>>> print(open('upload.csv').read())   # CSV, C-alpha atoms and all ligand atoms
chain,number,residue,atom,x,y,z
A,1223,MET,CA,24.2,-10.1,4.9
A,1224,THR,CA,23.1,-6.9,3.4
A,1225,SER,CA,23.8,-6.5,-0.2
A,1226,SER,CA,23.9,-3.2,-2.1
A,1227,VAL,CA,21.4,-0.6,-0.9
A,1228,ARG,CA,18.2,-0.7,-2.9
A,1229,ARG,CA,16.2,2.2,-4.1
A,1230,VAL,CA,12.6,2.3,-3.0
A,1231,GLY,CA,10.2,4.6,-4.6
A,1232,VAL,CA,7.1,6.2,-2.9
A,1233,LEU,CA,4.3,7.4,-5.2
A,1234,ALA,CA,4.3,11.0,-4.2
A,1235,LEU,CA,1.2,12.4,-6.0
A,1236,GLN,CA,-0.9,12.9,-2.9
A,1237,GLY,CA,-1.3,11.5,0.6
A,1238,ASP,CA,1.1,10.7,3.4
A,1239,PHE,CA,4.1,9.8,1.2
A,1240,ARG,CA,6.5,11.7,3.5
A,1241,GLU,CA,5.8,9.4,6.4
A,1242,HIS,CA,6.7,6.4,4.2
A,1243,LEU,CA,9.9,8.1,3.0
A,1244,SER,CA,11.0,8.8,6.5
A,1245,VAL,CA,10.4,5.1,7.6
A,1246,LEU,CA,12.3,3.9,4.6
A,1247,ASN,CA,15.2,6.3,5.3
A,1248,GLU,CA,15.3,5.1,8.9
A,1249,LEU,CA,15.6,1.5,7.6
A,1250,GLY,CA,18.5,2.5,5.5
A,1251,ALA,CA,16.9,2.4,2.0
A,1252,HIS,CA,17.6,4.9,-0.6
A,1253,THR,CA,14.3,6.6,-1.4
A,1254,VAL,CA,12.9,8.2,-4.5
A,1255,GLU,CA,9.8,10.3,-4.8
A,1256,VAL,CA,7.9,8.9,-7.8
A,1257,ARG,CA,5.7,11.2,-9.8
A,1258,VAL,CA,6.4,10.7,-13.5
A,1259,PRO,CA,7.0,7.5,-15.5
A,1260,HIS,CA,10.7,8.2,-15.7
A,1261,ASP,CA,11.0,8.0,-11.9
A,1262,LEU,CA,9.9,4.4,-12.0
A,1263,GLU,CA,12.9,3.4,-14.1
A,1264,SER,CA,15.3,3.9,-11.1
A,1265,VAL,CA,13.4,2.1,-8.3
A,1266,ASP,CA,13.6,-1.5,-7.2
A,1267,ALA,CA,10.4,-1.4,-5.1
A,1268,LEU,CA,7.4,0.9,-4.6
A,1269,ILE,CA,5.0,2.1,-1.9
A,1270,VAL,CA,1.7,3.6,-2.7
A,1271,PRO,CA,0.7,5.7,0.3
A,1272,GLY,CA,-2.6,6.4,2.0
A,1273,GLY,CA,-4.5,9.5,1.2
A,1274,GLU,CA,-7.5,9.9,-1.2
A,1275,SER,CA,-7.5,7.1,-3.8
A,1276,THR,CA,-9.7,9.1,-6.2
A,1277,THR,CA,-7.2,12.0,-6.2
A,1278,ILE,CA,-4.2,9.6,-6.5
A,1279,GLY,CA,-6.0,7.9,-9.5
A,1280,ARG,CA,-6.8,11.2,-11.1
A,1281,LEU,CA,-3.3,12.6,-10.8
A,1282,ALA,CA,-1.8,9.3,-11.9
A,1283,THR,CA,-3.9,9.5,-15.0
A,1284,LEU,CA,-2.9,13.1,-15.6
A,1285,TYR,CA,0.8,12.2,-15.2
A,1286,GLY,CA,0.6,9.2,-17.5
A,1287,MET,CA,1.4,6.9,-14.7
A,1288,ILE,CA,-1.3,4.2,-15.0
A,1289,GLU,CA,0.2,2.0,-17.7
A,1290,PRO,CA,3.9,2.4,-16.5
A,1291,LEU,CA,2.7,1.4,-13.0
A,1292,ARG,CA,0.9,-1.6,-14.4
A,1293,LYS,CA,3.9,-2.7,-16.4
A,1294,HIS,CA,6.4,-2.4,-13.6
A,1295,ILE,CA,4.2,-4.2,-11.1
A,1296,LYS,CA,3.4,-6.9,-13.6
A,1297,HIS,CA,7.1,-7.4,-14.2
A,1298,GLY,CA,7.6,-8.2,-10.5
A,1299,MET,CA,8.5,-4.9,-8.8
A,1300,PRO,CA,7.8,-5.5,-5.0
A,1301,THR,CA,4.9,-3.1,-4.2
A,1302,LEU,CA,3.2,-2.2,-0.9
A,1303,GLY,CA,-0.1,-0.2,-0.9
A,1304,THR,CA,-1.5,1.2,2.3
A,1305,CYS,CA,-5.1,2.3,2.7
A,1306,ALA,CA,-5.9,4.5,-0.4
A,1307,GLY,CA,-2.8,2.7,-1.9
A,1308,MET,CA,-4.6,-0.6,-1.4
A,1309,ILE,CA,-7.7,0.7,-3.1
A,1310,PHE,CA,-5.6,2.1,-6.1
A,1311,LEU,CA,-3.9,-1.3,-6.5
A,1312,ALA,CA,-7.1,-3.3,-6.4
A,1313,SER,CA,-9.0,-4.6,-9.4
A,1314,ARG,CA,-12.4,-3.4,-8.3
A,1315,VAL,CA,-14.1,-0.9,-6.0
A,1316,THR,CA,-17.6,-1.8,-5.0
A,1317,ASP,CA,-18.8,1.7,-4.1
A,1318,GLY,CA,-17.5,4.0,-6.8
A,1319,ASP,CA,-15.8,4.4,-10.2
A,1320,GLN,CA,-12.2,5.5,-10.3
A,1321,PRO,CA,-8.9,4.7,-12.0
A,1322,LEU,CA,-7.4,1.5,-10.6
A,1323,ILE,CA,-4.1,-0.3,-11.3
A,1324,GLY,CA,-5.7,-3.7,-11.0
A,1325,ALA,CA,-2.5,-5.4,-9.8
A,1326,LEU,CA,-4.3,-7.0,-6.8
A,1327,GLU,CA,-7.2,-9.4,-7.5
A,1328,ALA,CA,-9.5,-7.9,-4.9
A,1329,SER,CA,-12.8,-6.1,-4.6
A,1330,VAL,CA,-12.5,-3.3,-2.1
A,1331,GLU,CA,-15.2,-1.3,-0.4
A,1332,ARG,CA,-14.0,2.3,0.3
A,1333,ASN,CA,-14.8,3.9,3.6
A,1334,ALA,CA,-16.2,0.6,4.7
A,1335,PHE,CA,-16.3,1.4,8.4
A,1336,GLY,CA,-18.7,4.3,8.0
A,1337,ARG,CA,-18.9,7.6,9.8
A,1338,GLN,CA,-19.4,6.2,13.2
A,1339,ASN,CA,-16.1,4.4,13.2
A,1340,GLU,CA,-13.9,6.5,10.9
A,1341,SER,CA,-10.6,6.1,12.8
A,1342,PHE,CA,-9.5,3.5,15.4
A,1343,GLU,CA,-6.5,1.5,16.4
A,1344,VAL,CA,-6.4,-2.2,17.1
A,1345,ASP,CA,-3.8,-4.9,17.7
A,1346,ILE,CA,-4.0,-7.6,15.0
A,1347,PRO,CA,-1.9,-10.8,14.6
A,1348,VAL,CA,-0.2,-11.0,11.2
A,1349,LYS,CA,0.8,-14.3,9.7
A,1350,GLY,CA,4.6,-14.8,9.9
A,1351,LEU,CA,5.1,-12.0,12.4
A,1352,GLY,CA,5.4,-12.7,16.1
A,1353,ASP,CA,3.8,-10.0,18.2
A,1354,PRO,CA,0.6,-8.4,16.9
A,1355,VAL,CA,0.8,-5.3,14.8
A,1356,ARG,CA,-0.8,-2.1,16.0
A,1357,ALA,CA,-3.1,-1.3,13.1
A,1358,VAL,CA,-4.2,2.3,12.6
A,1359,PHE,CA,-7.4,2.6,10.5
A,1360,ILE,CA,-8.4,6.0,9.1
A,1361,ARG,CA,-11.5,6.0,6.9
A,1362,ALA,CA,-10.2,2.6,5.9
A,1363,PRO,CA,-11.2,0.4,3.0
A,1364,LEU,CA,-12.2,-3.3,3.5
A,1365,ILE,CA,-11.6,-6.1,1.2
A,1366,GLU,CA,-14.8,-7.8,0.2
A,1367,GLU,CA,-13.5,-10.6,-2.0
A,1368,VAL,CA,-10.1,-11.8,-3.1
A,1369,GLY,CA,-9.0,-13.9,-6.0
A,1370,ASP,CA,-7.4,-17.3,-5.7
A,1371,GLY,CA,-3.8,-16.0,-5.9
A,1372,VAL,CA,-4.3,-13.7,-2.9
A,1373,GLU,CA,-3.0,-14.7,0.5
A,1374,VAL,CA,-4.6,-13.2,3.6
A,1375,LEU,CA,-2.0,-12.2,6.1
A,1376,ALA,CA,-4.3,-10.5,8.7
A,1377,ARG,CA,-8.0,-10.0,9.3
A,1378,HIS,CA,-10.1,-7.7,11.4
A,1379,ARG,CA,-13.5,-8.9,12.4
A,1380,GLY,CA,-13.1,-11.7,9.9
A,1381,ARG,CA,-12.4,-9.4,7.0
A,1382,PRO,CA,-9.0,-9.3,5.2
A,1383,VAL,CA,-7.0,-6.2,6.1
A,1384,PHE,CA,-3.5,-7.3,5.0
A,1385,VAL,CA,-3.1,-9.3,1.8
A,1386,ARG,CA,-0.3,-10.5,-0.5
A,1387,GLN,CA,-0.4,-11.6,-4.1
A,1388,ALA,CA,3.0,-12.5,-5.5
A,1389,ASN,CA,5.0,-9.2,-5.4
A,1390,VAL,CA,2.1,-7.0,-4.2
A,1391,MET,CA,1.2,-6.4,-0.6
A,1392,ALA,CA,-1.6,-4.2,0.7
A,1393,THR,CA,-2.9,-3.1,4.0
A,1394,SER,CA,-6.2,-1.4,4.9
A,1395,PHE,CA,-4.3,0.3,7.8
A,1396,HIS,CA,-1.3,2.7,8.1
A,1397,PRO,CA,1.9,0.9,9.2
A,1398,GLU,CA,3.8,4.2,8.6
A,1399,LEU,CA,2.0,5.9,11.4
A,1400,THR,CA,3.4,3.7,14.2
A,1401,GLU,CA,6.9,2.9,15.4
A,1402,ASP,CA,6.6,-0.7,14.3
A,1403,ARG,CA,8.7,-1.1,11.1
A,1404,ARG,CA,8.0,-4.8,10.4
A,1405,ILE,CA,5.7,-4.3,7.5
A,1406,HIS,CA,8.1,-2.0,5.7
A,1407,GLN,CA,10.9,-4.4,6.5
A,1408,MET,CA,8.8,-7.2,4.8
A,1409,LEU,CA,9.0,-5.1,1.6
A,1410,LEU,CA,12.7,-4.6,1.9
A,1411,ASP,CA,13.2,-8.3,2.7
A,1412,SER,CA,11.3,-9.3,-0.4
A,1413,LEU,CA,13.9,-7.2,-2.4
A,1414,GLU,CA,16.7,-9.1,-0.8
A,1415,ALA,CA,15.0,-12.4,-1.6
A,1416,GLY,CA,14.4,-11.4,-5.2
B,1501,LIG,N1,-11.0,6.5,2.2
B,1501,LIG,C1,-9.9,6.9,1.5
B,1501,LIG,C2,-10.0,6.6,0.0
B,1501,LIG,O1,-11.0,6.2,-0.4
B,1501,LIG,C3,-8.6,6.2,2.1
B,1501,LIG,C4,-8.3,6.7,3.4
B,1501,LIG,C5,-6.8,6.6,3.8
B,1501,LIG,O2,-6.0,6.4,2.9
B,1501,LIG,N2,-6.6,6.8,5.0
B,1501,LIG,O3,-9.1,6.8,-0.7
>>> encode(input="upload.csv", output="structure tokens")
Amino acid sequence: MTSSVRRVGVLALQGDFREHLSVLNELGAHTVEVRVPHDLESVDALIVPGGESTTIGRLATLYGMIEPLRKHIKHGMPTLGTCAGMIFLASRVTDGDQPLIGALEASVERNAFGRQNESFEVDIPVKGLGDPVRAVFIRAPLIEEVGDGVEVLARHRGRPVFVRQANVMATSFHPELTEDRRIHQMLLDSLEAG
């Protein structure tokens, strides 16, 4: 049974937040573009989109969003970060220095696939989902190391590319760029469960 419609925010500072908004609308969620701390008060869950994590970090700092994001995520708000969003949620970036939320115990290497292999698509099996997911990687980060509390839901060439730690999920790839809605649905399902 579906209970009341939940409000899902998408951090709309930079990147492909519109694609996430349209997936969420398609799934029947009420959506909110999140830019300033006040916007966070009205959402039950959050997506941090792909884009450029250094820019997202810089704008989040400018808009006073770093601490409010940390607080809401720490208090259990279901959160999904994709690509740059995964980097921004992580606790450490191995190849740079930039503002991070630190909600996901993981060391991330930005642009880990290098210039030769900037963008590619591959089908990967995901724990708990049946058919493999078509994963679109665009200048994607790779997770180098995860903390004890982090569950790896999918790997590519042995490296984690989809992880979950309590209320935080993160993908190196872009689920919003395919027709497959299962990963967004996981976020909405976690709201129903909570
Ligand atoms: N490489 C980008 C970064 O460092 C992420 C790319 C993406 O989100 N598609 O933020």
>>> closest_residue(input="upload.csv", among="A:His1252, A:Arg1361, A:Arg1257, A:Lys1293", to="ligand LIG 1501 (chain B)", atoms="all atoms listed in the file")
A:Arg1361
>>> atom_distance(input="upload.csv", atom1="CA of Asn1247 in chain A", atom2="CA of Val1230 in chain A")
9.6 Å
>>> residues_near_ligand(input="upload.csv", ligand="ligand LIG 1501 (chain B)", cutoff="12 Å", atoms="only C-alpha atoms and all ligand atoms", output="VMD selection string")
chain A and resid 1236 to 1239 1270 to 1280 1303 to 1312 1315 to 1322 1330 to 1337 1340 to 1342 1357 to 1364 1392 to 1399
>>> atom_distance(input="upload.csv", atom1="CA of Thr1301 in chain A", atom2="CA of Ile1323 in chain A")
11.8 Å
>>> residues_around(input="upload.csv", residues="range 1373-1376 of chain A", least_positions_apart="2", cutoff="9 Å", atoms="all atoms listed in the file", output="PyMOL selection string")
chain A and resi 1346-1350+1368-1371+1378+1380-1388+1393
>>> write_last_selection(input="upload.csv", atoms="C-alpha atoms", output="PDB file, in the frame of the given file")
ATOM      1  CA  ILE A1346      -4.000  -7.600  15.000  1.00  0.00           C
ATOM      2  CA  PRO A1347      -1.900 -10.800  14.600  1.00  0.00           C
ATOM      3  CA  VAL A1348      -0.200 -11.000  11.200  1.00  0.00           C
ATOM      4  CA  LYS A1349       0.800 -14.300   9.700  1.00  0.00           C
ATOM      5  CA  GLY A1350       4.600 -14.800   9.900  1.00  0.00           C
ATOM      6  CA  VAL A1368     -10.100 -11.800  -3.100  1.00  0.00           C
ATOM      7  CA  GLY A1369      -9.000 -13.900  -6.000  1.00  0.00           C
ATOM      8  CA  ASP A1370      -7.400 -17.300  -5.700  1.00  0.00           C
ATOM      9  CA  GLY A1371      -3.800 -16.000  -5.900  1.00  0.00           C
ATOM     10  CA  HIS A1378     -10.100  -7.700  11.400  1.00  0.00           C
ATOM     11  CA  GLY A1380     -13.100 -11.700   9.900  1.00  0.00           C
ATOM     12  CA  ARG A1381     -12.400  -9.400   7.000  1.00  0.00           C
ATOM     13  CA  PRO A1382      -9.000  -9.300   5.200  1.00  0.00           C
ATOM     14  CA  VAL A1383      -7.000  -6.200   6.100  1.00  0.00           C
ATOM     15  CA  PHE A1384      -3.500  -7.300   5.000  1.00  0.00           C
ATOM     16  CA  VAL A1385      -3.100  -9.300   1.800  1.00  0.00           C
ATOM     17  CA  ARG A1386      -0.300 -10.500  -0.500  1.00  0.00           C
ATOM     18  CA  GLN A1387      -0.400 -11.600  -4.100  1.00  0.00           C
ATOM     19  CA  ALA A1388       3.000 -12.500  -5.500  1.00  0.00           C
ATOM     20  CA  THR A1393      -2.900  -3.100   4.000  1.00  0.00           C
TER      21      THR A1393
END
>>> closest_residue(input="upload.csv", among="A:Leu1302, A:Ile1295, A:Ile1365, A:Val1265", to="Ser1329 in chain A", atoms="all atoms listed in the file")
A:Ile1365
>>> residues_around(input="upload.csv", residues="Arg1403 in chain A", least_positions_apart="4", cutoff="10 Å", atoms="only C-alpha atoms", output="CSV table (one decimal) with C-alpha atoms, in the frame of the given file")
chain,number,residue,atom,x,y,z
A,1245,VAL,CA,10.4,5.1,7.6
A,1246,LEU,CA,12.3,3.9,4.6
A,1248,GLU,CA,15.3,5.1,8.9
A,1249,LEU,CA,15.6,1.5,7.6
A,1355,VAL,CA,0.8,-5.3,14.8
A,1397,PRO,CA,1.9,0.9,9.2
A,1398,GLU,CA,3.8,4.2,8.6
A,1399,LEU,CA,2.0,5.9,11.4
A,1407,GLN,CA,10.9,-4.4,6.5
A,1408,MET,CA,8.8,-7.2,4.8
>>> closest_residue(input="upload.csv", among="A:Thr1283, A:Ser1264, A:Thr1253, A:Asn1389", to="Ala1415 in chain A", atoms="all atoms listed in the file")
A:Asn1389
>>> closest_residue(input="upload.csv", among="A:Pro1259, A:Leu1235, A:Pro1300, A:Ser1244", to="Asp1411 in chain A", atoms="all atoms listed in the file")
A:Pro1300
>>> atom_distance(input="upload.csv", atom1="CA of Ala1328 in chain A", atom2="CA of His1297 in chain A")
19.0 Å
>>> closest_residue(input="upload.csv", among="A:Arg1240, A:Glu1366, A:Ala1267, A:Leu1262", to="Met1299 in chain A", atoms="all atoms listed in the file")
A:Ala1267
>>> closest_residue(input="upload.csv", among="A:Leu1243, A:Val1344, A:Ile1269, A:Leu1233", to="Leu1281 in chain A", atoms="all atoms listed in the file")
A:Leu1233
>>> decode(input="upload.csv", residues="range 1346-1359 of chain A", atoms="N, CA, C and O atoms", output="PDB file, in the first residue's frame")
ATOM      1  N   ILE A1346      25.684  -4.270 -15.087  1.00  0.00           N
ATOM      2  CA  ILE A1346      26.260  -4.835 -13.864  1.00  0.00           C
ATOM      3  C   ILE A1346      25.165  -5.386 -12.953  1.00  0.00           C
ATOM      4  O   ILE A1346      24.112  -4.780 -12.804  1.00  0.00           O
ATOM      5  N   PRO A1347      25.438  -6.555 -12.357  1.00  0.00           N
ATOM      6  CA  PRO A1347      24.477  -7.097 -11.399  1.00  0.00           C
ATOM      7  C   PRO A1347      24.507  -6.286 -10.105  1.00  0.00           C
ATOM      8  O   PRO A1347      25.580  -5.841  -9.681  1.00  0.00           O
ATOM      9  N   VAL A1348      23.345  -6.074  -9.538  1.00  0.00           N
ATOM     10  CA  VAL A1348      23.230  -5.335  -8.285  1.00  0.00           C
ATOM     11  C   VAL A1348      22.567  -6.246  -7.257  1.00  0.00           C
ATOM     12  O   VAL A1348      21.534  -6.857  -7.542  1.00  0.00           O
ATOM     13  N   LYS A1349      23.196  -6.312  -6.096  1.00  0.00           N
ATOM     14  CA  LYS A1349      22.667  -7.120  -4.993  1.00  0.00           C
ATOM     15  C   LYS A1349      21.205  -6.748  -4.723  1.00  0.00           C
ATOM     16  O   LYS A1349      20.884  -5.563  -4.566  1.00  0.00           O
ATOM     17  N   GLY A1350      20.345  -7.736  -4.694  1.00  0.00           N
ATOM     18  CA  GLY A1350      18.952  -7.465  -4.347  1.00  0.00           C
ATOM     19  C   GLY A1350      18.067  -7.111  -5.530  1.00  0.00           C
ATOM     20  O   GLY A1350      16.854  -7.114  -5.406  1.00  0.00           O
ATOM     21  N   LEU A1351      18.661  -6.801  -6.676  1.00  0.00           N
ATOM     22  CA  LEU A1351      17.860  -6.535  -7.875  1.00  0.00           C
ATOM     23  C   LEU A1351      18.035  -7.735  -8.802  1.00  0.00           C
ATOM     24  O   LEU A1351      19.086  -8.360  -8.824  1.00  0.00           O
ATOM     25  N   GLY A1352      17.024  -8.042  -9.579  1.00  0.00           N
ATOM     26  CA  GLY A1352      17.103  -9.208 -10.471  1.00  0.00           C
ATOM     27  C   GLY A1352      18.020  -8.988 -11.649  1.00  0.00           C
ATOM     28  O   GLY A1352      19.229  -9.240 -11.576  1.00  0.00           O
ATOM     29  N   ASP A1353      17.460  -8.493 -12.743  1.00  0.00           N
ATOM     30  CA  ASP A1353      18.262  -8.278 -13.951  1.00  0.00           C
ATOM     31  C   ASP A1353      19.345  -7.239 -13.694  1.00  0.00           C
ATOM     32  O   ASP A1353      19.152  -6.333 -12.882  1.00  0.00           O
ATOM     33  N   PRO A1354      20.483  -7.364 -14.400  1.00  0.00           N
ATOM     34  CA  PRO A1354      21.549  -6.372 -14.217  1.00  0.00           C
ATOM     35  C   PRO A1354      21.068  -4.957 -14.556  1.00  0.00           C
ATOM     36  O   PRO A1354      20.101  -4.783 -15.289  1.00  0.00           O
ATOM     37  N   VAL A1355      21.772  -3.998 -14.016  1.00  0.00           N
ATOM     38  CA  VAL A1355      21.477  -2.585 -14.266  1.00  0.00           C
ATOM     39  C   VAL A1355      22.418  -2.099 -15.359  1.00  0.00           C
ATOM     40  O   VAL A1355      23.607  -2.441 -15.372  1.00  0.00           O
ATOM     41  N   ARG A1356      21.891  -1.325 -16.307  1.00  0.00           N
ATOM     42  CA  ARG A1356      22.742  -0.692 -17.312  1.00  0.00           C
ATOM     43  C   ARG A1356      23.405   0.512 -16.651  1.00  0.00           C
ATOM     44  O   ARG A1356      22.718   1.488 -16.304  1.00  0.00           O
ATOM     45  N   ALA A1357      24.697   0.430 -16.452  1.00  0.00           N
ATOM     46  CA  ALA A1357      25.379   1.513 -15.725  1.00  0.00           C
ATOM     47  C   ALA A1357      26.101   2.424 -16.711  1.00  0.00           C
ATOM     48  O   ALA A1357      26.941   1.977 -17.493  1.00  0.00           O
ATOM     49  N   VAL A1358      25.746   3.703 -16.679  1.00  0.00           N
ATOM     50  CA  VAL A1358      26.370   4.706 -17.540  1.00  0.00           C
ATOM     51  C   VAL A1358      27.429   5.441 -16.719  1.00  0.00           C
ATOM     52  O   VAL A1358      27.104   6.111 -15.737  1.00  0.00           O
ATOM     53  N   PHE A1359      28.678   5.291 -17.128  1.00  0.00           N
ATOM     54  CA  PHE A1359      29.779   5.949 -16.418  1.00  0.00           C
ATOM     55  C   PHE A1359      30.261   7.148 -17.244  1.00  0.00           C
ATOM     56  O   PHE A1359      30.554   7.005 -18.432  1.00  0.00           O
TER      57      PHE A1359
END
